[in-house]
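Here is the file work.pdb (PDB, C-alpha atoms).
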```
ATOM      1  CA  MET A   1      84.793 106.927  98.080  1.00  0.00           C
ATOM      2  CA  MET A   2      88.449 107.298  98.992  1.00  0.00           C
ATOM      3  CA  GLU A   3      90.005 110.647  98.082  1.00  0.00           C
ATOM      4  CA  ARG A   4      92.912 110.341  95.676  1.00  0.00           C
ATOM      5  CA  THR A   5      96.104 112.331  95.866  1.00  0.00           C
ATOM      6  CA  TYR A   6      97.382 113.305  92.437  1.00  0.00           C
ATOM      7  CA  ALA A   7     100.917 114.491  91.795  1.00  0.00           C
ATOM      8  CA  ARG A   8     100.908 117.903  90.101  1.00  0.00           C
ATOM      9  CA  GLY A   9     103.334 118.269  87.244  1.00  0.00           C
ATOM     10  CA  SER A  10     103.580 114.531  86.810  1.00  0.00           C
ATOM     11  CA  SER A  11     103.653 112.677  83.535  1.00  0.00           C
ATOM     12  CA  THR A  12     100.608 110.594  82.630  1.00  0.00           C
ATOM     13  CA  ALA A  13     102.687 108.985  79.870  1.00  0.00           C
ATOM     14  CA  ALA A  14     105.760 107.873  81.852  1.00  0.00           C
ATOM     15  CA  LEU A  15     104.576 104.261  82.205  1.00  0.00           C
ATOM     16  CA  ALA A  16     103.634 104.066  78.521  1.00  0.00           C
ATOM     17  CA  ILE A  17     106.970 105.547  77.467  1.00  0.00           C
ATOM     18  CA  ALA A  18     108.947 103.080  79.595  1.00  0.00           C
ATOM     19  CA  CYS A  19     107.004 100.078  78.256  1.00  0.00           C
ATOM     20  CA  THR A  20     107.389 101.286  74.675  1.00  0.00           C
ATOM     21  CA  VAL A  21     111.131 101.848  75.071  1.00  0.00           C
ATOM     22  CA  LEU A  22     111.543  98.363  76.549  1.00  0.00           C
ATOM     23  CA  ALA A  23     109.574  96.893  73.642  1.00  0.00           C
ATOM     24  CA  ALA A  24     111.744  98.814  71.152  1.00  0.00           C
ATOM     25  CA  ALA A  25     114.846  97.468  72.917  1.00  0.00           C
ATOM     26  CA  GLY A  26     113.566  93.907  72.581  1.00  0.00           C
ATOM     27  CA  GLN A  27     112.919  93.407  76.304  1.00  0.00           C
ATOM     28  CA  LEU A  28     109.165  93.000  75.729  1.00  0.00           C
ATOM     29  CA  PRO A  29     107.566  91.604  72.570  1.00  0.00           C
ATOM     30  CA  SER A  30     106.015  94.572  70.760  1.00  0.00           C
ATOM     31  CA  GLU A  31     102.795  92.635  70.112  1.00  0.00           C
ATOM     32  CA  CYS A  32     102.191  92.736  73.875  1.00  0.00           C
ATOM     33  CA  LEU A  33     101.431  96.456  73.560  1.00  0.00           C
ATOM     34  CA  ALA A  34      98.563  95.884  71.111  1.00  0.00           C
ATOM     35  CA  GLY A  35      95.173  96.914  72.442  1.00  0.00           C
ATOM     36  CA  ALA A  36      96.364  98.520  75.663  1.00  0.00           C
ATOM     37  CA  ALA A  37      97.014 102.011  76.899  1.00  0.00           C
ATOM     38  CA  MET A  38      99.048 102.801  79.991  1.00  0.00           C
ATOM     39  CA  VAL A  39      98.551 105.800  82.274  1.00  0.00           C
ATOM     40  CA  GLY A  40     100.820 106.340  85.231  1.00  0.00           C
ATOM     41  CA  GLU A  41     103.742 108.246  86.628  1.00  0.00           C
ATOM     42  CA  LEU A  42     106.828 106.112  87.015  1.00  0.00           C
ATOM     43  CA  GLY A  43     108.988 106.616  90.085  1.00  0.00           C
ATOM     44  CA  LEU A  44     112.739 106.088  90.191  1.00  0.00           C
ATOM     45  CA  ASP A  45     112.078 102.990  92.289  1.00  0.00           C
ATOM     46  CA  GLY A  46     109.923 101.500  89.505  1.00  0.00           C
ATOM     47  CA  GLY A  47     106.682 102.200  91.355  1.00  0.00           C
ATOM     48  CA  VAL A  48     103.652 103.410  89.415  1.00  0.00           C
ATOM     49  CA  ARG A  49     101.903 106.444  90.892  1.00  0.00           C
ATOM     50  CA  VAL A  50      98.676 108.228  90.074  1.00  0.00           C
ATOM     51  CA  PRO A  51      99.383 111.264  87.879  1.00  0.00           C
ATOM     52  CA  TYR A  52      97.444 114.494  87.973  1.00  0.00           C
ATOM     53  CA  GLY A  53      94.716 114.385  85.335  1.00  0.00           C
ATOM     54  CA  LEU A  54      94.362 110.605  85.259  1.00  0.00           C
ATOM     55  CA  PRO A  55      90.532 110.555  85.028  1.00  0.00           C
ATOM     56  CA  GLY A  56      90.490 112.985  82.094  1.00  0.00           C
ATOM     57  CA  THR A  57      93.297 111.135  80.343  1.00  0.00           C
ATOM     58  CA  VAL A  58      91.496 107.801  80.678  1.00  0.00           C
ATOM     59  CA  ARG A  59      88.256 109.350  79.377  1.00  0.00           C
ATOM     60  CA  ALA A  60      90.145 110.664  76.324  1.00  0.00           C
ATOM     61  CA  ILE A  61      91.682 107.245  75.743  1.00  0.00           C
ATOM     62  CA  ALA A  62      88.258 105.600  75.975  1.00  0.00           C
ATOM     63  CA  ALA A  63      86.788 108.157  73.561  1.00  0.00           C
ATOM     64  CA  GLY A  64      89.499 107.154  71.086  1.00  0.00           C
ATOM     65  CA  GLY A  65      88.320 103.539  71.165  1.00  0.00           C
ATOM     66  CA  THR A  66      90.838 101.880  73.475  1.00  0.00           C
ATOM     67  CA  THR A  67      89.061  99.574  75.901  1.00  0.00           C
ATOM     68  CA  THR A  68      91.889  98.381  78.169  1.00  0.00           C
ATOM     69  CA  VAL A  69      94.056 100.682  80.278  1.00  0.00           C
ATOM     70  CA  LEU A  70      96.808  99.840  82.759  1.00  0.00           C
ATOM     71  CA  VAL A  71      96.694 102.285  85.681  1.00  0.00           C
ATOM     72  CA  PRO A  72      98.144 102.451  89.205  1.00  0.00           C
ATOM     73  CA  ASN A  73      96.410 100.046  91.604  1.00  0.00           C
ATOM     74  CA  SER A  74      94.852 102.881  93.582  1.00  0.00           C
ATOM     75  CA  ALA A  75      93.277 104.418  90.450  1.00  0.00           C
ATOM     76  CA  VAL A  76      91.369 101.412  89.095  1.00  0.00           C
ATOM     77  CA  GLU A  77      88.024 102.746  90.386  1.00  0.00           C
ATOM     78  CA  ASP A  78      88.621 106.110  88.719  1.00  0.00           C
ATOM     79  CA  ALA A  79      89.518 104.462  85.412  1.00  0.00           C
ATOM     80  CA  VAL A  80      86.520 102.130  85.388  1.00  0.00           C
ATOM     81  CA  THR A  81      84.149 105.108  85.586  1.00  0.00           C
ATOM     82  CA  ALA A  82      85.426 106.124  82.124  1.00  0.00           C
ATOM     83  CA  GLY A  83      84.031 102.892  80.707  1.00  0.00           C
ATOM     84  CA  VAL A  84      87.280 100.999  80.194  1.00  0.00           C
ATOM     85  CA  ARG A  85      88.594  97.685  81.441  1.00  0.00           C
ATOM     86  CA  ALA A  86      91.168  98.860  83.989  1.00  0.00           C
ATOM     87  CA  ILE A  87      94.035  96.673  85.118  1.00  0.00           C
ATOM     88  CA  GLY A  88      95.869  97.918  88.202  1.00  0.00           C
ATOM     89  CA  VAL A  89      99.643  97.651  88.480  1.00  0.00           C
ATOM     90  CA  GLY A  90     101.959  98.689  91.282  1.00  0.00           C
ATOM     91  CA  SER A  91     105.278  98.747  89.464  1.00  0.00           C
ATOM     92  CA  LEU A  92     106.921  98.716  86.055  1.00  0.00           C
ATOM     93  CA  ASP A  93     107.750  95.033  86.588  1.00  0.00           C
ATOM     94  CA  GLU A  94     104.064  94.248  87.188  1.00  0.00           C
ATOM     95  CA  ALA A  95     103.047  96.241  84.109  1.00  0.00           C
ATOM     96  CA  LEU A  96     105.499  94.316  81.938  1.00  0.00           C
ATOM     97  CA  ALA A  97     104.320  90.992  83.362  1.00  0.00           C
ATOM     98  CA  VAL A  98     100.664  91.922  82.757  1.00  0.00           C
ATOM     99  CA  LEU A  99     101.423  92.956  79.182  1.00  0.00           C
ATOM    100  CA  ALA A 100     103.310  89.704  78.560  1.00  0.00           C
ATOM    101  CA  GLY A 101     100.538  87.593  80.108  1.00  0.00           C
ATOM    102  CA  GLN A 102     102.710  86.388  82.979  1.00  0.00           C
ATOM    103  CA  TRP A 103     101.005  88.141  85.901  1.00  0.00           C
ATOM    104  CA  HIS A 104      97.778  87.222  87.597  1.00  0.00           C
ATOM    105  CA  HIS A 105      95.965  89.402  90.103  1.00  0.00           C
ATOM    106  CA  PRO A 106      93.786  87.043  92.135  1.00  0.00           C
ATOM    107  CA  GLN A 107      92.624  89.931  94.330  1.00  0.00           C
ATOM    108  CA  ASP A 108      91.157  91.617  91.236  1.00  0.00           C
ATOM    109  CA  CYS A 109      89.810  88.476  89.619  1.00  0.00           C
ATOM    110  CA  ALA A 110      86.150  87.647  90.133  1.00  0.00           C
ATOM    111  CA  HIS A 111      86.897  84.021  89.313  1.00  0.00           C
ATOM    112  CA  CYS A 112      89.635  83.511  91.902  1.00  0.00           C
ATOM    113  CA  SER A 113      88.529  85.805  94.690  1.00  0.00           C
ATOM    114  CA  ASP A 114      85.156  84.080  95.064  1.00  0.00           C
ATOM    115  CA  GLY A 115      86.979  80.801  95.782  1.00  0.00           C
ATOM    116  CA  GLN A 116      84.969  78.864  93.194  1.00  0.00           C
ATOM    117  CA  VAL A 117      87.581  78.698  90.445  1.00  0.00           C
ATOM    118  CA  ALA A 118      91.203  77.719  90.821  1.00  0.00           C
ATOM    119  CA  PRO A 119      93.770  80.283  89.683  1.00  0.00           C
ATOM    120  CA  HIS A 120      93.893  80.282  85.918  1.00  0.00           C
ATOM    121  CA  GLN A 121      95.629  81.844  82.951  1.00  0.00           C
ATOM    122  CA  PRO A 122      95.459  85.618  83.443  1.00  0.00           C
ATOM    123  CA  CYS A 123      93.463  88.035  81.367  1.00  0.00           C
ATOM    124  CA  THR A 124      95.745  90.335  79.384  1.00  0.00           C
ATOM    125  CA  PRO A 125      95.168  93.625  77.601  1.00  0.00           C
ATOM    126  CA  ALA A 126      95.012  91.692  74.334  1.00  0.00           C
ATOM    127  CA  GLY A 127      92.408  89.212  75.499  1.00  0.00           C
ATOM    128  CA  LEU A 128      90.370  87.626  78.212  1.00  0.00           C
ATOM    129  CA  CYS A 129      91.299  84.407  79.955  1.00  0.00           C
ATOM    130  CA  PRO A 130      89.480  81.204  78.939  1.00  0.00           C
ATOM    131  CA  THR A 131      87.203  81.474  81.988  1.00  0.00           C
ATOM    132  CA  CYS A 132      86.065  84.965  80.931  1.00  0.00           C
ATOM    133  CA  GLN A 133      85.738  83.877  77.302  1.00  0.00           C
ATOM    134  CA  SER A 134      83.371  81.097  78.387  1.00  0.00           C
ATOM    135  CA  GLY A 135      80.839  83.676  79.506  1.00  0.00           C
ATOM    136  CA  SER A 136      81.619  84.012  83.204  1.00  0.00           C
ATOM    137  CA  PRO A 137      81.483  87.529  84.658  1.00  0.00           C
ATOM    138  CA  ALA A 138      84.455  89.668  83.631  1.00  0.00           C
ATOM    139  CA  PRO A 139      87.088  89.979  86.365  1.00  0.00           C
ATOM    140  CA  PHE A 140      87.774  93.668  85.785  1.00  0.00           C
TER     141      PHE A 140
END
```
Rewrite the coordinates I just gave you, this time as structure tokens.
Amino acid sequence: MMERTYARGSSTAALAIACTVLAAAGQLPSECLAGAAMVGELGLDGGVRVPYGLPGTVRAIAAGGTTTVLVPNSAVEDAVTAGVRAIGVGSLDEALAVLAGQWHHPQDCAHCSDGQVAPHQPCTPAGLCPTCQSGSPAPF
């Protein structure tokens, strides 16, 4: 397993705060936030970084009943061990596109990466894509 570098003193809520502020400002439909939690430090360049305490934060979120968490790409493995559906994002723009259902990660999708299914509507925090709903293995 790859060793993770966590930033001490970082904010686990920075990504969530930014997405919530953008929803409050009307830049993202507020219903896109339903059913998802976001854990990540947000850099000035818009990049999402792994905050110190991410595994514990994701476990606490899962214990509260949330099943989908957006995390930095490099922390997806850590988040999945907490029993959640983890969606990796590399930037604030990617997070917003995932929340709005406009972003598709073929490298993380079991349906697309196996070459047997053409790219399809993406899964979102609010729901699974039609391919996943039909009973195929979950992509995350």
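Straight-line separation from atom CA of A:Leu96 to atom CA of A:Gln27: 9.4 Å.
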Please expand the PyMOL selection byres ((chain A and resi 57) around 12) into the concrete residues it hits in this file, giving the result as a ChimeraX atom specification. /A:11-13,37-40,50-56,58-64,66,69,71,78-79,82,84
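Our summary of the geometry notes that atom CA of A:Ala23 is positioned 10.7 Å from atom CA of A:Ala100.
Considering the residues A:Thr81, A:Asn73, A:Gln102, A:Thr68 and counting all atoms listed in the file, A:Arg49 has its shortest atom-to-atom contact with A:Asn73.
Going from atom CA of A:Ile87 to atom CA of A:Thr20 covers 17.6 Å.
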Which residue is closest to A:Thr67? Choose from A:Val48, A:Val80, A:Ile17, A:Leu22 and count all atoms listed in the file. A:Val80
Neighbour residues at most 7 Å from (104.7, 98.5, 91.2) (all atoms listed in the file) as a list in words: Gly46, Gly47, Val48, Val89, Gly90, Ser91, Leu92, Asp93 and Glu94 of chain A
